[in-house]
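**Student:** Below is a structure I'd like to ask you about.
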Amino acid sequence: MIDWDSIDTVLLDMDGTLLDLHYDNHFWLEYLPQRYADLKGISPEEALEQMRGHFDALHGTLAWYCLDHWSKLLDLDIPALKREIRHMIRIRPHALEFLRRLHVSPKQVVLVTNAHPVTLDIKMAEIDIRPWFDDVVVSHQFEAAKEEQRFWERLQAQHPFDPARTLFIDDTESVLEAARVYGIAHLLTLLQPDSQRQKRLATRFPGIHHFDEIMPGVAA
């Protein structure tokens, strides 16, 4: 699926790509609505319905990923709540071996995530994968989400790469579409970002289940 000789740069998403998305889905769709329901004296279903309106309005924007925004909007300490279930943070199968092999290759390897910096810190306190990367880029530092062309322009300025020789792996198709528009030639998605949900049967981009399907070779 991947001709590794044609790849100089590998850009990797974090949540749903390297880390199991179950933690995030459980937090935003179950744990946080329950805590919000407790605060407001309403049912978890009502809480989720109210939250979905905000989710839909902000989806794909930097504010959607901003813990400060949600803490203020919901009157809850979102980072503290995230830490309460940090034991659920898991790395996806074969992801660590995949990173190890990339690390010993001559390729530029960069983590590119929309996760809020505090979310990144919480997750890296549990599973620190940062040493396997040449750099870690958080979209907040560019003031633009990966869904926006500004993100890719600013990433290019900070870490020059040839889009024709770049592989980008992400579980979100709107993000992959933005990368395609920017000109990144090699795009892959994940067929089961959340280990507790059904495998996706149809995706707009080529997909893999686990990283052992595209494992780069190790130079002798």
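Each chain in the structure tokens gets a letter, A, B, ..., in the order shown, and its residues are numbered from 1; ligands are numbered from 1 in order too.
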Counting only C-alpha atoms, give me one row per residue of region 52-154 of chain A with an atom at most 10 Å from an atom of region 179-202 of chain A, showing the shortest contact pair and its distance in Å to one decimal, sorted by chain then residue number, as a tab-separated table.
**Tutor:**
```
residue	atom	partner	partner_atom	distance
A:Arg90	CA	A:Ser195	CA	9.9
A:Arg92	CA	A:Ser195	CA	8.4
A:Pro93	CA	A:Ser195	CA	9.9
A:Lys146	CA	A:Ala179	CA	8.0
A:Glu147	CA	A:Ala179	CA	8.0
A:Glu148	CA	A:Ala179	CA	8.9
A:Gln149	CA	A:Tyr182	CA	6.8
A:Arg150	CA	A:Tyr182	CA	9.7
A:Phe151	CA	A:Ala179	CA	9.5
A:Trp152	CA	A:Tyr182	CA	7.0
A:Glu153	CA	A:Tyr182	CA	8.3
```
**Student:** For the selection just defined, write its residues with N, CA and C atoms to a file, as a tab-separated table (two decimals), in the first residue's frame.
**Tutor:**
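Here's the written file out_12.tsv:
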```tsv
chain	number	residue	atom	x	y	z
A	90	ARG	N	-5.10	4.63	25.76
A	90	ARG	CA	-4.43	3.44	25.24
A	90	ARG	C	-3.79	3.73	23.89
A	92	ARG	N	-2.74	2.38	20.17
A	92	ARG	CA	-3.31	1.40	19.25
A	92	ARG	C	-2.33	0.27	18.96
A	93	PRO	N	-2.85	-0.92	18.63
A	93	PRO	CA	-1.98	-2.06	18.32
A	93	PRO	C	-0.98	-1.72	17.22
A	146	LYS	N	-6.41	21.66	11.74
A	146	LYS	CA	-5.92	20.94	10.56
A	146	LYS	C	-6.92	20.96	9.42
A	147	GLU	N	-8.17	21.26	9.70
A	147	GLU	CA	-9.19	21.38	8.66
A	147	GLU	C	-8.99	22.63	7.81
A	148	GLU	N	-8.13	23.54	8.25
A	148	GLU	CA	-7.93	24.82	7.56
A	148	GLU	C	-6.62	24.82	6.77
A	149	GLN	N	-6.62	25.48	5.62
A	149	GLN	CA	-5.41	25.56	4.80
A	149	GLN	C	-4.30	26.32	5.52
A	150	ARG	N	-4.69	27.26	6.38
A	150	ARG	CA	-3.67	28.02	7.13
A	150	ARG	C	-2.78	27.10	7.95
A	151	PHE	N	-3.35	26.02	8.49
A	151	PHE	CA	-2.55	25.08	9.27
A	151	PHE	C	-1.43	24.52	8.42
A	152	TRP	N	-1.76	24.05	7.22
A	152	TRP	CA	-0.77	23.41	6.36
A	152	TRP	C	0.27	24.41	5.87
A	153	GLU	N	-0.16	25.61	5.59
A	153	GLU	CA	0.79	26.64	5.17
A	153	GLU	C	1.80	26.94	6.28
```
**Student:** Could you give me, as a tab-separated table, a per-residue list for region 132-212 of chain A showing, wherever an atom lies at most 7 Å from an atom of region 6-19 of chain A, the closest pair of atoms and their distance in Å to one decimal, using only C-alpha atoms and sorting by chain then residue number from low to high?
**Tutor:**
```
residue	atom	partner	partner_atom	distance
A:Phe161	CA	A:Thr9	CA	6.6
A:Arg165	CA	A:Ile7	CA	4.7
A:Thr166	CA	A:Thr9	CA	4.7
A:Leu167	CA	A:Val10	CA	4.9
A:Phe168	CA	A:Leu11	CA	4.7
A:Ile169	CA	A:Leu12	CA	5.2
A:Asp170	CA	A:Asp13	CA	5.1
A:Asp171	CA	A:Gly16	CA	5.7
A:Leu190	CA	A:Thr17	CA	6.4
A:Pro193	CA	A:Gly16	CA	4.2
A:Asp194	CA	A:Gly16	CA	6.4
```
**Student:** If we count only C-alpha atoms and set the cut-off at 12 Å, which residues sit around region 69-85 of chain A, ignoring sequence neighbours fewer than 2 positions away in its own chain? Please answer as a PDB file with N, CA and C atoms, in the first residue's frame.
**Tutor:**
```pdb
ATOM      1  N   HIS A  22     -11.328   5.599  21.772  1.00  0.00           N
ATOM      2  CA  HIS A  22     -12.357   5.251  22.748  1.00  0.00           C
ATOM      3  C   HIS A  22     -12.326   6.180  23.964  1.00  0.00           C
ATOM      4  N   TYR A  23     -11.137   6.542  24.405  1.00  0.00           N
ATOM      5  CA  TYR A  23     -11.021   7.465  25.537  1.00  0.00           C
ATOM      6  C   TYR A  23     -11.764   8.768  25.241  1.00  0.00           C
ATOM      7  N   ASP A  24     -11.527   9.331  24.079  1.00  0.00           N
ATOM      8  CA  ASP A  24     -12.118  10.616  23.710  1.00  0.00           C
ATOM      9  C   ASP A  24     -13.628  10.501  23.521  1.00  0.00           C
ATOM     10  N   ASN A  25     -14.065   9.458  22.818  1.00  0.00           N
ATOM     11  CA  ASN A  25     -15.498   9.280  22.604  1.00  0.00           C
ATOM     12  C   ASN A  25     -16.233   9.067  23.926  1.00  0.00           C
ATOM     13  N   HIS A  26     -15.646   8.270  24.790  1.00  0.00           N
ATOM     14  CA  HIS A  26     -16.269   8.029  26.089  1.00  0.00           C
ATOM     15  C   HIS A  26     -16.346   9.335  26.893  1.00  0.00           C
ATOM     16  N   PHE A  27     -15.265  10.100  26.856  1.00  0.00           N
ATOM     17  CA  PHE A  27     -15.262  11.351  27.620  1.00  0.00           C
ATOM     18  C   PHE A  27     -16.334  12.316  27.131  1.00  0.00           C
ATOM     19  N   TRP A  28     -16.359  12.592  25.837  1.00  0.00           N
ATOM     20  CA  TRP A  28     -17.231  13.636  25.300  1.00  0.00           C
ATOM     21  C   TRP A  28     -18.681  13.189  25.169  1.00  0.00           C
ATOM     22  N   GLU A  30     -20.159  10.426  26.934  1.00  0.00           N
ATOM     23  CA  GLU A  30     -20.737   9.756  28.091  1.00  0.00           C
ATOM     24  C   GLU A  30     -20.324  10.409  29.413  1.00  0.00           C
ATOM     25  N   TYR A  31     -19.028  10.493  29.663  1.00  0.00           N
ATOM     26  CA  TYR A  31     -18.564  10.965  30.966  1.00  0.00           C
ATOM     27  C   TYR A  31     -18.894  12.437  31.194  1.00  0.00           C
ATOM     28  N   LEU A  32     -18.535  13.285  30.233  1.00  0.00           N
ATOM     29  CA  LEU A  32     -18.801  14.711  30.385  1.00  0.00           C
ATOM     30  C   LEU A  32     -20.302  15.023  30.421  1.00  0.00           C
ATOM     31  N   PRO A  33     -21.135  14.433  29.552  1.00  0.00           N
ATOM     32  CA  PRO A  33     -22.577  14.688  29.672  1.00  0.00           C
ATOM     33  C   PRO A  33     -23.139  14.299  31.040  1.00  0.00           C
ATOM     34  N   GLN A  34     -22.637  13.214  31.617  1.00  0.00           N
ATOM     35  CA  GLN A  34     -23.109  12.823  32.947  1.00  0.00           C
ATOM     36  C   GLN A  34     -22.729  13.865  33.992  1.00  0.00           C
ATOM     37  N   ARG A  35     -21.498  14.359  33.913  1.00  0.00           N
ATOM     38  CA  ARG A  35     -21.067  15.366  34.880  1.00  0.00           C
ATOM     39  C   ARG A  35     -21.813  16.692  34.674  1.00  0.00           C
ATOM     40  N   TYR A  36     -22.064  17.032  33.428  1.00  0.00           N
ATOM     41  CA  TYR A  36     -22.825  18.252  33.130  1.00  0.00           C
ATOM     42  C   TYR A  36     -24.269  18.111  33.599  1.00  0.00           C
ATOM     43  N   ALA A  37     -24.821  16.911  33.426  1.00  0.00           N
ATOM     44  CA  ALA A  37     -26.179  16.632  33.893  1.00  0.00           C
ATOM     45  C   ALA A  37     -26.269  16.780  35.408  1.00  0.00           C
ATOM     46  N   ASP A  38     -25.261  16.275  36.106  1.00  0.00           N
ATOM     47  CA  ASP A  38     -25.228  16.396  37.567  1.00  0.00           C
ATOM     48  C   ASP A  38     -25.204  17.871  37.987  1.00  0.00           C
ATOM     49  N   LEU A  39     -24.435  18.664  37.239  1.00  0.00           N
ATOM     50  CA  LEU A  39     -24.305  20.089  37.561  1.00  0.00           C
ATOM     51  C   LEU A  39     -25.620  20.829  37.339  1.00  0.00           C
ATOM     52  N   LYS A  40     -26.320  20.495  36.260  1.00  0.00           N
ATOM     53  CA  LYS A  40     -27.513  21.244  35.863  1.00  0.00           C
ATOM     54  C   LYS A  40     -28.820  20.627  36.377  1.00  0.00           C
ATOM     55  N   ALA A  47     -28.450  16.551  28.659  1.00  0.00           N
ATOM     56  CA  ALA A  47     -27.137  17.198  28.674  1.00  0.00           C
ATOM     57  C   ALA A  47     -26.421  16.987  27.351  1.00  0.00           C
ATOM     58  N   LEU A  48     -26.432  15.762  26.861  1.00  0.00           N
ATOM     59  CA  LEU A  48     -25.756  15.462  25.592  1.00  0.00           C
ATOM     60  C   LEU A  48     -26.419  16.218  24.450  1.00  0.00           C
ATOM     61  N   GLN A  50     -27.947  19.101  24.582  1.00  0.00           N
ATOM     62  CA  GLN A  50     -27.501  20.494  24.657  1.00  0.00           C
ATOM     63  C   GLN A  50     -26.077  20.641  24.144  1.00  0.00           C
ATOM     64  N   MET A  51     -25.216  19.707  24.518  1.00  0.00           N
ATOM     65  CA  MET A  51     -23.814  19.767  24.108  1.00  0.00           C
ATOM     66  C   MET A  51     -23.657  19.550  22.615  1.00  0.00           C
ATOM     67  N   HIS A  54     -23.658  22.632  20.536  1.00  0.00           N
ATOM     68  CA  HIS A  54     -22.377  23.336  20.535  1.00  0.00           C
ATOM     69  C   HIS A  54     -21.353  22.594  19.683  1.00  0.00           C
ATOM     70  N   PHE A  55     -21.352  21.261  19.781  1.00  0.00           N
ATOM     71  CA  PHE A  55     -20.426  20.461  18.978  1.00  0.00           C
ATOM     72  C   PHE A  55     -20.619  20.767  17.492  1.00  0.00           C
ATOM     73  N   LEU A  58     -19.413  24.213  16.223  1.00  0.00           N
ATOM     74  CA  LEU A  58     -17.974  24.492  16.253  1.00  0.00           C
ATOM     75  C   LEU A  58     -17.121  23.440  15.555  1.00  0.00           C
ATOM     76  N   THR A  61     -13.422  23.626  13.818  1.00  0.00           N
ATOM     77  CA  THR A  61     -12.746  24.879  14.164  1.00  0.00           C
ATOM     78  C   THR A  61     -11.816  24.649  15.351  1.00  0.00           C
ATOM     79  N   LEU A  62     -10.928  25.594  15.569  1.00  0.00           N
ATOM     80  CA  LEU A  62      -9.987  25.464  16.676  1.00  0.00           C
ATOM     81  C   LEU A  62     -10.713  25.467  18.023  1.00  0.00           C
ATOM     82  N   ALA A  63     -11.811  26.213  18.113  1.00  0.00           N
ATOM     83  CA  ALA A  63     -12.563  26.275  19.369  1.00  0.00           C
ATOM     84  C   ALA A  63     -13.107  24.909  19.767  1.00  0.00           C
ATOM     85  N   TRP A  64     -13.431  24.067  18.794  1.00  0.00           N
ATOM     86  CA  TRP A  64     -13.964  22.725  19.082  1.00  0.00           C
ATOM     87  C   TRP A  64     -12.967  21.922  19.906  1.00  0.00           C
ATOM     88  N   TYR A  65     -11.680  22.153  19.679  1.00  0.00           N
ATOM     89  CA  TYR A  65     -10.621  21.398  20.343  1.00  0.00           C
ATOM     90  C   TYR A  65     -10.076  22.102  21.590  1.00  0.00           C
ATOM     91  N   CYS A  66     -10.640  23.255  21.924  1.00  0.00           N
ATOM     92  CA  CYS A  66     -10.070  24.086  22.985  1.00  0.00           C
ATOM     93  C   CYS A  66     -10.707  23.777  24.342  1.00  0.00           C
ATOM     94  N   LEU A  67      -9.931  23.250  25.262  1.00  0.00           N
ATOM     95  CA  LEU A  67     -10.449  22.909  26.583  1.00  0.00           C
ATOM     96  C   LEU A  67     -10.865  24.156  27.352  1.00  0.00           C
ATOM     97  N   HIS A  87      -6.831   6.685  32.967  1.00  0.00           N
ATOM     98  CA  HIS A  87      -6.458   5.267  32.895  1.00  0.00           C
ATOM     99  C   HIS A  87      -6.992   4.609  31.618  1.00  0.00           C
ATOM    100  N   MET A  88      -7.922   5.262  30.931  1.00  0.00           N
ATOM    101  CA  MET A  88      -8.491   4.707  29.702  1.00  0.00           C
ATOM    102  C   MET A  88      -7.655   5.023  28.462  1.00  0.00           C
ATOM    103  N   ILE A  89      -6.647   5.840  28.608  1.00  0.00           N
ATOM    104  CA  ILE A  89      -5.807   6.206  27.462  1.00  0.00           C
ATOM    105  C   ILE A  89      -4.997   4.989  27.027  1.00  0.00           C
ATOM    106  N   ARG A  90      -5.096   4.627  25.763  1.00  0.00           N
ATOM    107  CA  ARG A  90      -4.430   3.438  25.238  1.00  0.00           C
ATOM    108  C   ARG A  90      -3.790   3.732  23.888  1.00  0.00           C
ATOM    109  N   HIS A 116      -5.785  19.928  22.237  1.00  0.00           N
ATOM    110  CA  HIS A 116      -5.356  21.070  23.040  1.00  0.00           C
ATOM    111  C   HIS A 116      -4.037  20.720  23.736  1.00  0.00           C
ATOM    112  N   PRO A 117      -3.143  21.677  23.941  1.00  0.00           N
ATOM    113  CA  PRO A 117      -1.870  21.381  24.615  1.00  0.00           C
ATOM    114  C   PRO A 117      -2.034  20.674  25.960  1.00  0.00           C
ATOM    115  N   VAL A 118      -3.079  21.009  26.706  1.00  0.00           N
ATOM    116  CA  VAL A 118      -3.303  20.338  27.994  1.00  0.00           C
ATOM    117  C   VAL A 118      -3.704  18.887  27.768  1.00  0.00           C
ATOM    118  N   THR A 119      -4.525  18.642  26.759  1.00  0.00           N
ATOM    119  CA  THR A 119      -4.887  17.263  26.413  1.00  0.00           C
ATOM    120  C   THR A 119      -3.639  16.472  26.044  1.00  0.00           C
ATOM    121  N   LEU A 120      -2.766  17.089  25.262  1.00  0.00           N
ATOM    122  CA  LEU A 120      -1.516  16.431  24.895  1.00  0.00           C
ATOM    123  C   LEU A 120      -0.713  16.076  26.141  1.00  0.00           C
ATOM    124  N   ASP A 121      -0.607  17.002  27.072  1.00  0.00           N
ATOM    125  CA  ASP A 121       0.152  16.740  28.302  1.00  0.00           C
ATOM    126  C   ASP A 121      -0.462  15.593  29.103  1.00  0.00           C
ATOM    127  N   ILE A 122      -1.784  15.569  29.206  1.00  0.00           N
ATOM    128  CA  ILE A 122      -2.469  14.499  29.941  1.00  0.00           C
ATOM    129  C   ILE A 122      -2.164  13.148  29.317  1.00  0.00           C
ATOM    130  N   LYS A 123      -2.223  13.084  28.010  1.00  0.00           N
ATOM    131  CA  LYS A 123      -2.006  11.805  27.328  1.00  0.00           C
ATOM    132  C   LYS A 123      -0.548  11.388  27.359  1.00  0.00           C
ATOM    133  N   MET A 124       0.347  12.348  27.197  1.00  0.00           N
ATOM    134  CA  MET A 124       1.759  11.997  27.205  1.00  0.00           C
ATOM    135  C   MET A 124       2.248  11.616  28.599  1.00  0.00           C
ATOM    136  N   ALA A 125       1.537  12.033  29.635  1.00  0.00           N
ATOM    137  CA  ALA A 125       1.863  11.610  30.994  1.00  0.00           C
ATOM    138  C   ALA A 125       1.559  10.123  31.177  1.00  0.00           C
ATOM    139  N   GLU A 126       0.643   9.609  30.347  1.00  0.00           N
ATOM    140  CA  GLU A 126       0.291   8.186  30.412  1.00  0.00           C
ATOM    141  C   GLU A 126       1.089   7.356  29.417  1.00  0.00           C
TER     142      GLU A 126
END
```
**Student:** For Ile91 (chain A), which of A:Ser105, A:Ile127, A:Leu29, A:Glu213 is the closest residue, counting only C-alpha atoms?
**Tutor:** A:Ile127
